[in-house]
$ cat coords-v1.pdb   # PDB, C-alpha atoms
ATOM      1  CA  MET D   1      72.545  -6.183  85.237  1.00  0.00           C
ATOM      2  CA  SER D   2      70.937  -9.632  85.265  1.00  0.00           C
ATOM      3  CA  ARG D   3      72.965 -12.516  83.940  1.00  0.00           C
ATOM      4  CA  ASP D   4      72.014 -14.514  80.868  1.00  0.00           C
ATOM      5  CA  VAL D   5      70.305 -17.861  81.312  1.00  0.00           C
ATOM      6  CA  GLU D   6      71.084 -20.985  79.309  1.00  0.00           C
ATOM      7  CA  VAL D   7      68.157 -22.629  77.574  1.00  0.00           C
ATOM      8  CA  VAL D   8      67.532 -25.671  75.409  1.00  0.00           C
ATOM      9  CA  PHE D   9      65.184 -25.081  72.503  1.00  0.00           C
ATOM     10  CA  THR D  10      62.311 -27.531  72.231  1.00  0.00           C
ATOM     11  CA  LYS D  11      61.170 -26.422  68.764  1.00  0.00           C
ATOM     12  CA  GLU D  12      62.659 -25.033  65.584  1.00  0.00           C
ATOM     13  CA  LYS D  13      62.236 -21.531  64.238  1.00  0.00           C
ATOM     14  CA  LYS D  14      63.995 -21.120  60.907  1.00  0.00           C
ATOM     15  CA  GLY D  15      66.581 -18.399  60.954  1.00  0.00           C
ATOM     16  CA  SER D  16      66.554 -18.199  64.763  1.00  0.00           C
ATOM     17  CA  PHE D  17      67.081 -21.549  66.492  1.00  0.00           C
ATOM     18  CA  THR D  18      66.773 -25.312  66.048  1.00  0.00           C
ATOM     19  CA  ILE D  19      65.382 -28.055  68.251  1.00  0.00           C
ATOM     20  CA  GLY D  20      67.899 -29.284  70.841  1.00  0.00           C
ATOM     21  CA  GLN D  21      70.126 -26.222  70.445  1.00  0.00           C
ATOM     22  CA  LYS D  22      71.619 -24.806  73.652  1.00  0.00           C
ATOM     23  CA  LYS D  23      72.051 -21.064  73.924  1.00  0.00           C
ATOM     24  CA  SER D  24      72.509 -18.296  76.496  1.00  0.00           C
ATOM     25  CA  VAL D  25      69.799 -15.647  76.224  1.00  0.00           C
ATOM     26  CA  LYS D  26      68.560 -12.636  78.136  1.00  0.00           C
ATOM     27  CA  PRO D  27      66.225 -13.464  81.061  1.00  0.00           C
ATOM     28  CA  GLY D  28      63.471 -11.239  79.678  1.00  0.00           C
ATOM     29  CA  TYR D  29      63.562 -13.036  76.324  1.00  0.00           C
ATOM     30  CA  ALA D  30      63.452 -16.416  78.057  1.00  0.00           C
ATOM     31  CA  PHE D  31      60.734 -15.740  80.629  1.00  0.00           C
ATOM     32  CA  ASN D  32      58.538 -13.441  78.537  1.00  0.00           C
ATOM     33  CA  TYR D  33      58.695 -15.259  75.210  1.00  0.00           C
ATOM     34  CA  LEU D  34      60.472 -18.628  75.051  1.00  0.00           C
ATOM     35  CA  PHE D  35      59.031 -20.269  78.159  1.00  0.00           C
ATOM     36  CA  PRO D  36      55.391 -19.067  77.830  1.00  0.00           C
ATOM     37  CA  TYR D  37      55.261 -20.345  74.231  1.00  0.00           C
ATOM     38  CA  ASN D  38      56.998 -23.649  75.084  1.00  0.00           C
ATOM     39  CA  LEU D  39      59.873 -22.889  72.737  1.00  0.00           C
ATOM     40  CA  ALA D  40      62.606 -23.667  75.272  1.00  0.00           C
ATOM     41  CA  ILE D  41      63.341 -24.848  78.803  1.00  0.00           C
ATOM     42  CA  LEU D  42      66.068 -24.016  81.293  1.00  0.00           C
ATOM     43  CA  ASN D  43      69.212 -26.081  80.908  1.00  0.00           C
ATOM     44  CA  ASN D  44      69.564 -27.435  84.444  1.00  0.00           C
ATOM     45  CA  SER D  45      69.688 -30.759  86.278  1.00  0.00           C
ATOM     46  CA  LYS D  46      65.984 -30.574  87.105  1.00  0.00           C
ATOM     47  CA  ASN D  47      65.110 -30.746  83.405  1.00  0.00           C
ATOM     48  CA  LYS D  48      67.711 -33.411  82.565  1.00  0.00           C
ATOM     49  CA  HIS D  49      65.230 -36.138  81.573  1.00  0.00           C
ATOM     50  CA  ILE D  50      63.329 -33.678  79.354  1.00  0.00           C
ATOM     51  CA  ILE D  51      66.570 -32.492  77.760  1.00  0.00           C
ATOM     52  CA  ASP D  52      67.578 -36.093  77.006  1.00  0.00           C
ATOM     53  CA  SER D  53      64.251 -36.622  75.256  1.00  0.00           C
ATOM     54  CA  ILE D  54      64.703 -33.391  73.295  1.00  0.00           C
ATOM     55  CA  SER D  55      68.183 -34.509  72.204  1.00  0.00           C
ATOM     56  CA  LYS D  56      66.756 -37.716  70.733  1.00  0.00           C
ATOM     57  CA  GLU D  57      64.060 -35.725  68.946  1.00  0.00           C
ATOM     58  CA  ALA D  58      66.705 -33.312  67.636  1.00  0.00           C
ATOM     59  CA  GLU D  59      68.739 -36.204  66.211  1.00  0.00           C
ATOM     60  CA  LYS D  60      65.676 -37.591  64.450  1.00  0.00           C
ATOM     61  CA  HIS D  61      64.821 -34.132  63.108  1.00  0.00           C
ATOM     62  CA  SER D  62      68.359 -33.671  61.772  1.00  0.00           C
ATOM     63  CA  ILE D  63      68.156 -36.961  59.841  1.00  0.00           C
ATOM     64  CA  GLU D  64      64.819 -35.958  58.283  1.00  0.00           C
ATOM     65  CA  LEU D  65      66.151 -32.507  57.425  1.00  0.00           C
ATOM     66  CA  LYS D  66      69.240 -33.962  55.766  1.00  0.00           C
ATOM     67  CA  LYS D  67      67.115 -36.278  53.641  1.00  0.00           C
ATOM     68  CA  LYS D  68      64.975 -33.338  52.543  1.00  0.00           C
ATOM     69  CA  ALA D  69      68.131 -31.394  51.672  1.00  0.00           C
ATOM     70  CA  GLU D  70      69.495 -34.313  49.621  1.00  0.00           C
ATOM     71  CA  ASP D  71      66.230 -34.664  47.694  1.00  0.00           C
ATOM     72  CA  THR D  72      66.089 -30.926  47.013  1.00  0.00           C
ATOM     73  CA  HIS D  73      69.765 -30.865  46.009  1.00  0.00           C
ATOM     74  CA  ARG D  74      69.172 -33.511  43.337  1.00  0.00           C
ATOM     75  CA  ILE D  75      66.347 -31.426  41.879  1.00  0.00           C
ATOM     76  CA  ILE D  76      67.738 -27.886  41.865  1.00  0.00           C
ATOM     77  CA  ASP D  77      71.540 -28.075  41.946  1.00  0.00           C
ATOM     78  CA  GLY D  78      72.981 -26.670  38.718  1.00  0.00           C
ATOM     79  CA  GLN D  79      69.580 -25.548  37.448  1.00  0.00           C
ATOM     80  CA  SER D  80      68.527 -22.019  36.502  1.00  0.00           C
ATOM     81  CA  ILE D  81      65.420 -19.875  36.749  1.00  0.00           C
ATOM     82  CA  THR D  82      64.596 -16.941  34.473  1.00  0.00           C
ATOM     83  CA  PHE D  83      62.796 -13.685  35.181  1.00  0.00           C
ATOM     84  CA  GLN D  84      61.641 -11.127  32.636  1.00  0.00           C
ATOM     85  CA  ALA D  85      61.502  -7.610  34.017  1.00  0.00           C
ATOM     86  CA  LYS D  86      60.993  -4.064  32.821  1.00  0.00           C
ATOM     87  CA  SER D  87      64.237  -2.120  32.751  1.00  0.00           C
ATOM     88  CA  HIS D  88      65.890   1.092  31.637  1.00  0.00           C
ATOM     89  CA  ASP D  89      68.073   1.107  28.532  1.00  0.00           C
ATOM     90  CA  GLU D  90      71.201   0.846  30.679  1.00  0.00           C
ATOM     91  CA  GLY D  91      69.936  -2.394  32.239  1.00  0.00           C
ATOM     92  CA  LYS D  92      68.696  -1.192  35.611  1.00  0.00           C
ATOM     93  CA  LEU D  93      65.338  -2.623  36.639  1.00  0.00           C
ATOM     94  CA  TYR D  94      62.383  -0.408  37.442  1.00  0.00           C
ATOM     95  CA  GLY D  95      61.891  -2.492  40.567  1.00  0.00           C
ATOM     96  CA  SER D  96      63.884  -5.451  41.879  1.00  0.00           C
ATOM     97  CA  ILE D  97      63.815  -9.248  42.132  1.00  0.00           C
ATOM     98  CA  SER D  98      63.334 -10.067  45.819  1.00  0.00           C
ATOM     99  CA  ILE D  99      64.174 -13.190  47.783  1.00  0.00           C
ATOM    100  CA  ASN D 100      60.450 -13.963  47.977  1.00  0.00           C
ATOM    101  CA  ASP D 101      60.254 -13.818  44.164  1.00  0.00           C
ATOM    102  CA  VAL D 102      63.103 -16.329  43.923  1.00  0.00           C
ATOM    103  CA  VAL D 103      61.622 -18.714  46.504  1.00  0.00           C
ATOM    104  CA  SER D 104      58.191 -18.565  44.878  1.00  0.00           C
ATOM    105  CA  LYS D 105      59.566 -19.329  41.404  1.00  0.00           C
ATOM    106  CA  LEU D 106      61.734 -22.185  42.691  1.00  0.00           C
ATOM    107  CA  ASN D 107      58.762 -23.783  44.419  1.00  0.00           C
ATOM    108  CA  ILE D 108      56.592 -23.420  41.307  1.00  0.00           C
ATOM    109  CA  ASP D 109      59.174 -24.517  38.724  1.00  0.00           C
ATOM    110  CA  PHE D 110      60.684 -27.414  40.690  1.00  0.00           C
ATOM    111  CA  GLU D 111      57.835 -28.265  43.100  1.00  0.00           C
ATOM    112  CA  THR D 112      60.072 -27.719  46.122  1.00  0.00           C
ATOM    113  CA  VAL D 113      59.038 -26.546  49.584  1.00  0.00           C
ATOM    114  CA  LEU D 114      61.550 -23.813  50.361  1.00  0.00           C
ATOM    115  CA  ASP D 115      61.322 -20.568  52.291  1.00  0.00           C
ATOM    116  CA  LYS D 116      63.501 -17.474  52.390  1.00  0.00           C
ATOM    117  CA  HIS D 117      65.637 -18.845  55.236  1.00  0.00           C
ATOM    118  CA  ASP D 118      66.899 -21.605  52.922  1.00  0.00           C
ATOM    119  CA  ILE D 119      68.423 -19.013  50.549  1.00  0.00           C
ATOM    120  CA  LYS D 120      71.837 -17.813  51.703  1.00  0.00           C
ATOM    121  CA  GLY D 121      73.776 -14.677  50.783  1.00  0.00           C
ATOM    122  CA  PHE D 122      71.055 -13.217  48.587  1.00  0.00           C
ATOM    123  CA  THR D 123      70.622  -9.513  47.909  1.00  0.00           C
ATOM    124  CA  PRO D 124      67.787  -8.019  45.831  1.00  0.00           C
ATOM    125  CA  ILE D 125      68.586  -8.029  42.101  1.00  0.00           C
ATOM    126  CA  LYS D 126      68.298  -4.586  40.502  1.00  0.00           C
ATOM    127  CA  GLU D 127      69.964  -5.087  37.113  1.00  0.00           C
ATOM    128  CA  LEU D 128      69.709  -7.415  34.134  1.00  0.00           C
ATOM    129  CA  GLY D 129      72.192 -10.277  34.081  1.00  0.00           C
ATOM    130  CA  SER D 130      73.060 -13.685  35.535  1.00  0.00           C
ATOM    131  CA  TYR D 131      73.465 -14.369  39.234  1.00  0.00           C
ATOM    132  CA  SER D 132      74.286 -17.319  41.494  1.00  0.00           C
ATOM    133  CA  VAL D 133      72.286 -18.266  44.550  1.00  0.00           C
ATOM    134  CA  HIS D 134      72.914 -20.876  47.240  1.00  0.00           C
ATOM    135  CA  VAL D 135      70.283 -23.036  48.907  1.00  0.00           C
ATOM    136  CA  VAL D 136      71.214 -24.499  52.292  1.00  0.00           C
ATOM    137  CA  ILE D 137      68.555 -26.626  53.987  1.00  0.00           C
ATOM    138  CA  HIS D 138      71.101 -28.675  55.946  1.00  0.00           C
ATOM    139  CA  ASN D 139      74.576 -27.496  56.937  1.00  0.00           C
ATOM    140  CA  ASP D 140      76.196 -30.502  55.229  1.00  0.00           C
ATOM    141  CA  ILE D 141      74.489 -29.956  51.859  1.00  0.00           C
ATOM    142  CA  ARG D 142      74.828 -26.835  49.733  1.00  0.00           C
ATOM    143  CA  SER D 143      73.045 -26.391  46.392  1.00  0.00           C
ATOM    144  CA  GLU D 144      73.881 -23.755  43.799  1.00  0.00           C
ATOM    145  CA  LEU D 145      71.762 -22.516  40.913  1.00  0.00           C
ATOM    146  CA  SER D 146      71.603 -19.585  38.502  1.00  0.00           C
ATOM    147  CA  ILE D 147      69.167 -16.706  38.241  1.00  0.00           C
ATOM    148  CA  VAL D 148      68.832 -15.047  34.831  1.00  0.00           C
ATOM    149  CA  VAL D 149      67.094 -11.678  34.569  1.00  0.00           C
ATOM    150  CA  GLU D 150      66.119 -10.691  31.025  1.00  0.00           C
ATOM    151  CA  LYS D 151      64.587  -7.535  29.627  1.00  0.00           C
ATOM    152  CA  GLU D 152      60.861  -7.805  29.101  1.00  0.00           C
ATOM    153  CA  ILE D 153      60.106  -7.552  25.375  1.00  0.00           C
ATOM    154  CA  GLU D 154      57.517  -4.816  24.971  1.00  0.00           C
ATOM    155  CA  THR D 155      56.946  -5.456  21.234  1.00  0.00           C
ATOM    156  CA  GLU D 156      55.368  -8.809  21.977  1.00  0.00           C
ATOM    157  CA  LYS D 157      52.753  -7.108  24.125  1.00  0.00           C
ATOM    158  CA  LYS D 158      52.056  -4.459  21.490  1.00  0.00           C
ATOM    159  CA  ASP D 159      51.652  -7.088  18.763  1.00  0.00           C
ATOM    160  CA  SER D 160      49.301  -9.009  21.022  1.00  0.00           C
ATOM    161  CA  VAL D 161      47.167  -5.908  21.642  1.00  0.00           C
ATOM    162  CA  LYS D 162      47.038  -5.122  17.898  1.00  0.00           C
ATOM    163  CA  SER D 163      46.065  -8.709  17.116  1.00  0.00           C
ATOM    164  CA  LYS D 164      43.242  -8.617  19.659  1.00  0.00           C
ATOM    165  CA  ALA D 165      41.999  -5.269  18.309  1.00  0.00           C
ATOM    166  CA  LYS D 166      41.998  -6.616  14.741  1.00  0.00           C
ATOM    167  CA  THR D 167      40.121  -9.739  15.773  1.00  0.00           C
ATOM    168  CA  SER D 168      37.554  -7.640  17.631  1.00  0.00           C
ATOM    169  CA  SER D 169      37.084  -5.432  14.544  1.00  0.00           C
ATOM    170  CA  ASN D 170      36.515  -8.453  12.293  1.00  0.00           C
ATOM    171  CA  HIS D 171      33.911  -9.824  14.653  1.00  0.00           C
ATOM    172  CA  SER D 172      32.043  -6.529  14.823  1.00  0.00           C
ATOM    173  CA  SER D 173      31.880  -6.259  11.000  1.00  0.00           C
ATOM    174  CA  ASP D 174      30.225  -9.651  10.767  1.00  0.00           C
ATOM    175  CA  VAL D 175      27.311  -8.631  12.960  1.00  0.00           C
ATOM    176  CA  LYS D 176      24.137  -7.791  11.039  1.00  0.00           C
ATOM    177  CA  THR D 177      21.030  -6.131  12.429  1.00  0.00           C
ATOM    178  CA  TYR D 178      17.666  -7.069  11.145  1.00  0.00           C
ATOM    179  CA  ALA D 179      14.580  -4.894  11.638  1.00  0.00           C
ATOM    180  CA  ASP D 180      11.554  -6.753  12.756  1.00  0.00           C
ATOM    181  CA  ASP D 181       8.471  -6.270  10.592  1.00  0.00           C
ATOM    182  CA  ASP D 182       5.621  -5.098  12.737  1.00  0.00           C
ATOM    183  CA  SER D 183       2.932  -6.144  10.289  1.00  0.00           C
ATOM    184  CA  ASP D 184      -0.448  -6.773  11.754  1.00  0.00           C
ATOM    185  CA  ASN D 185      -1.723 -10.092  10.615  1.00  0.00           C
ATOM    186  CA  ASP D 186      -5.075  -9.681  12.185  1.00  0.00           C
ATOM    187  CA  SER D 187      -7.371 -12.343  10.827  1.00  0.00           C
ATOM    188  CA  PRO D 188     -10.960 -11.731  11.712  1.00  0.00           C
ATOM    189  CA  VAL D 189     -12.346 -14.485  13.758  1.00  0.00           C
ATOM    190  CA  GLU D 190     -15.763 -15.494  12.672  1.00  0.00           C
ATOM    191  CA  ASP D 191     -18.008 -16.704  15.356  1.00  0.00           C
ATOM    192  CA  LYS D 192     -20.019 -19.549  14.123  1.00  0.00           C
ATOM    193  CA  LYS D 193     -23.375 -19.929  15.653  1.00  0.00           C
ATOM    194  CA  THR D 194     -24.368 -23.439  16.179  1.00  0.00           C
ATOM    195  CA  SER D 195     -28.088 -23.958  16.232  1.00  0.00           C
ATOM    196  CA  SER D 196     -29.274 -27.077  17.842  1.00  0.00           C
ATOM    197  CA  GLU D 197     -32.771 -28.166  16.924  1.00  0.00           C
ATOM    198  CA  SER D 198     -34.685 -30.169  19.451  1.00  0.00           C
ATOM    199  CA  PRO D 199     -36.728 -33.050  17.970  1.00  0.00           C
ATOM    200  CA  THR D 200     -40.560 -32.561  18.023  1.00  0.00           C
ATOM    201  CA  ILE D 201     -42.337 -35.203  20.035  1.00  0.00           C
ATOM    202  CA  ASP D 202     -45.888 -36.049  18.956  1.00  0.00           C
ATOM    203  CA  ASP D 203     -47.918 -36.742  22.070  1.00  0.00           C
ATOM    204  CA  THR D 204     -51.083 -37.695  20.122  1.00  0.00           C
ATOM    205  CA  ILE D 205     -52.213 -41.187  20.893  1.00  0.00           C
ATOM    206  CA  PHE D 206     -53.937 -42.959  18.043  1.00  0.00           C
TER     207      PHE D 206
END
$ encode --input "coords-v1.pdb" --output "structure tokens"
Amino acid sequence: MSRDVEVVFTKEKKGSFTIGQKKSVKPGYAFNYLFPYNLAILNNSKNKHIIDSISKEAEKHSIELKKKAEDTHRIIDGQSITFQAKSHDEGKLYGSISINDVVSKLNIDFETVLDKHDIKGFTPIKELGSYSVHVVIHNDIRSELSIVVEKEIETEKKDSVKSKAKTSSNHSSDVKTYADDDSDNDSPVEDKKTSSESPTIDDTIF
């Protein structure tokens, strides 16, 4: 069995690894995926100067990430988002509220730039009620907000459909059809003959 190799990641992949992180991985994973795609390098003395440069980049990235987390925390911490969903009488949803649904609504409602890896400890919501969710962009900053799932009110839709049908009926009753009169107004056209008389010239010389 081949031994693991230690690598230093040169890029970040959310949910998997961060830039500057050192980790022991399987040789196949390193040589067939990480190295060909420039995602990591071997952690050895030969790459020391590159690793030092990566460490500086990682520190800069961490500062930027923390600032983003602080800005997001000020916007969403303590807030709530609401979903309306179809459900059975006992409160169970016909479908479920997924992590992608939550991320999408957060980004729309609060103009954030989050993805599913920023949401921690979430499981799909399958019943009506209130739930808590945690957003962790940076390990030092943790935001908490509420998710409220309400029953979709069907009567509002029915009233809307009835209102539209009534409006359509009123419009149709106002439409009148007029028959066009096909009367022939043929006026005879009289051709006027214009006679032009040429003057008579007397050629007699007196």
$ atom_distance --input "coords-v1.pdb" --atom1 "CA of Glu12 in chain D" --atom2 "CA of Leu39 in chain D"
8.0 Å
$ closest_residue --input "coords-v1.pdb" --among "D:Thr10, D:Ser132, D:Asn139, D:Gln79" --to "Lys56 in chain D" --atoms "all atoms listed in the file"
D:Thr10
$ closest_residue --input "coords-v1.pdb" --among "D:Ile141, D:Ile125, D:Ala30, D:Ile81" --to "Arg3 in chain D" --atoms "only C-alpha atoms"
D:Ala30
$ residues_near_point --input "coords-v1.pdb" --point "(72.0, -21.9, 44.3)" --cutoff "10 Å" --atoms "all atoms listed in the file" --output "VMD selection string"
chain D and resid 73 76 to 80 119 to 122 131 to 136 142 to 147
$ resolve_selection --input "coords-v1.pdb" --expression "the PyMOL selection byres ((chain D and resi 55) around 12)" --output "count of residues only"
23
$ resolve_selection --input "coords-v1.pdb" --expression "the PyMOL selection byres ((chain D and resi 27) around 9)" --output "list in words"
Ser2, Arg3, Asp4, Val5, Val25, Lys26, Gly28, Tyr29, Ala30, Phe31 and Asn32 of chain D
$ atom_distance --input "coords-v1.pdb" --atom1 "CA of Asp109 in chain D" --atom2 "CA of Glu152 in chain D"
19.4 Å
$ atom_distance --input "coords-v1.pdb" --atom1 "CA of Lys116 in chain D" --atom2 "CA of Val102 in chain D"
8.6 Å
$ resolve_selection --input "coords-v1.pdb" --expression "the PyMOL selection byres ((chain D and resi 71) around 12)" --output "MDAnalysis selection string"
chainID D and resid 64:70 72:77 110:113 137:138 141:143
$ residues_around --input "coords-v1.pdb" --residues "Gly91 in chain D" --least-positions-apart "5" --cutoff "12 Å" --atoms "only C-alpha atoms" --output "JSON, numbers by chain"
{"D": [85, 86, 96, 125, 126, 127, 128, 129, 149, 150, 151, 152]}
$ closest_residue --input "coords-v1.pdb" --among "D:Ile99, D:His88, D:Val148, D:Ala40" --to "His117 in chain D" --atoms "only C-alpha atoms"
D:Ile99
$ closest_residue --input "coords-v1.pdb" --among "D:Ile97, D:Asp140, D:Val7, D:Gly15" --to "Asn38 in chain D" --atoms "only C-alpha atoms"
D:Val7
$ decode --input "coords-v1.pdb" --residues "range 44-54 of chain D" --atoms "all heavy atoms" --output "compact mmCIF listing (two decimals), in the first residue's frame"
# COMPACT_ATOMS: atom_id res chain seq x y z
N ASN D 44 7.51 19.97 0.24
CA ASN D 44 8.90 19.54 0.43
C ASN D 44 9.83 20.74 0.34
O ASN D 44 9.41 21.86 0.02
CB ASN D 44 9.29 18.46 -0.59
CG ASN D 44 9.07 18.91 -2.03
OD1 ASN D 44 9.08 20.11 -2.32
ND2 ASN D 44 8.86 17.96 -2.93
N SER D 45 11.10 20.52 0.61
CA SER D 45 12.08 21.61 0.63
C SER D 45 12.27 22.23 -0.75
O SER D 45 12.57 23.42 -0.88
CB SER D 45 13.43 21.09 1.16
OG SER D 45 13.88 20.00 0.37
N LYS D 46 12.07 21.45 -1.79
CA LYS D 46 12.23 21.95 -3.15
C LYS D 46 11.21 23.05 -3.46
O LYS D 46 11.50 23.99 -4.21
CB LYS D 46 12.09 20.79 -4.14
CG LYS D 46 12.31 21.19 -5.58
CD LYS D 46 12.15 19.98 -6.50
CE LYS D 46 12.33 20.37 -7.95
NZ LYS D 46 12.17 19.20 -8.86
N ASN D 47 10.04 22.94 -2.89
CA ASN D 47 8.97 23.91 -3.14
C ASN D 47 8.85 24.97 -2.04
O ASN D 47 7.84 25.67 -1.96
CB ASN D 47 7.63 23.18 -3.27
CG ASN D 47 7.56 22.33 -4.53
OD1 ASN D 47 8.16 22.65 -5.55
ND2 ASN D 47 6.83 21.22 -4.44
N LYS D 48 9.90 25.10 -1.22
CA LYS D 48 9.82 25.99 -0.06
C LYS D 48 9.49 27.43 -0.44
O LYS D 48 8.64 28.07 0.18
CB LYS D 48 11.13 25.96 0.73
CG LYS D 48 11.07 26.77 2.03
CD LYS D 48 12.38 26.67 2.78
CE LYS D 48 12.28 27.43 4.11
NZ LYS D 48 11.84 28.82 3.97
N HIS D 49 10.15 27.97 -1.46
CA HIS D 49 9.92 29.37 -1.83
C HIS D 49 8.49 29.57 -2.35
O HIS D 49 7.87 30.62 -2.14
CB HIS D 49 10.95 29.83 -2.86
CG HIS D 49 10.82 29.17 -4.19
ND1 HIS D 49 11.16 27.85 -4.41
CD2 HIS D 49 10.36 29.64 -5.39
CE1 HIS D 49 10.94 27.53 -5.67
NE2 HIS D 49 10.45 28.61 -6.29
N ILE D 50 7.96 28.55 -3.04
CA ILE D 50 6.58 28.63 -3.53
C ILE D 50 5.60 28.56 -2.35
O ILE D 50 4.61 29.30 -2.30
CB ILE D 50 6.28 27.50 -4.53
CG1 ILE D 50 7.23 27.57 -5.72
CG2 ILE D 50 4.82 27.57 -5.00
CD1 ILE D 50 7.06 26.43 -6.71
N ILE D 51 5.91 27.70 -1.39
CA ILE D 51 5.05 27.54 -0.22
C ILE D 51 5.02 28.81 0.61
O ILE D 51 3.97 29.21 1.13
CB ILE D 51 5.52 26.34 0.63
CG1 ILE D 51 5.32 25.04 -0.16
CG2 ILE D 51 4.76 26.28 1.95
CD1 ILE D 51 5.94 23.81 0.49
N ASP D 52 6.16 29.49 0.72
CA ASP D 52 6.21 30.76 1.45
C ASP D 52 5.31 31.80 0.78
O ASP D 52 4.61 32.56 1.44
CB ASP D 52 7.65 31.28 1.51
CG ASP D 52 8.54 30.44 2.41
OD1 ASP D 52 7.98 29.70 3.24
OD2 ASP D 52 9.78 30.52 2.27
N SER D 53 5.34 31.82 -0.54
CA SER D 53 4.50 32.76 -1.29
C SER D 53 3.02 32.42 -1.11
O SER D 53 2.17 33.32 -0.96
CB SER D 53 4.88 32.70 -2.78
OG SER D 53 4.04 33.54 -3.53
N ILE D 54 2.71 31.13 -1.10
CA ILE D 54 1.33 30.69 -0.90
C ILE D 54 0.84 31.08 0.50
O ILE D 54 -0.31 31.48 0.68
CB ILE D 54 1.21 29.17 -1.10
CG1 ILE D 54 1.46 28.81 -2.57
CG2 ILE D 54 -0.17 28.66 -0.68
CD1 ILE D 54 1.55 27.31 -2.83
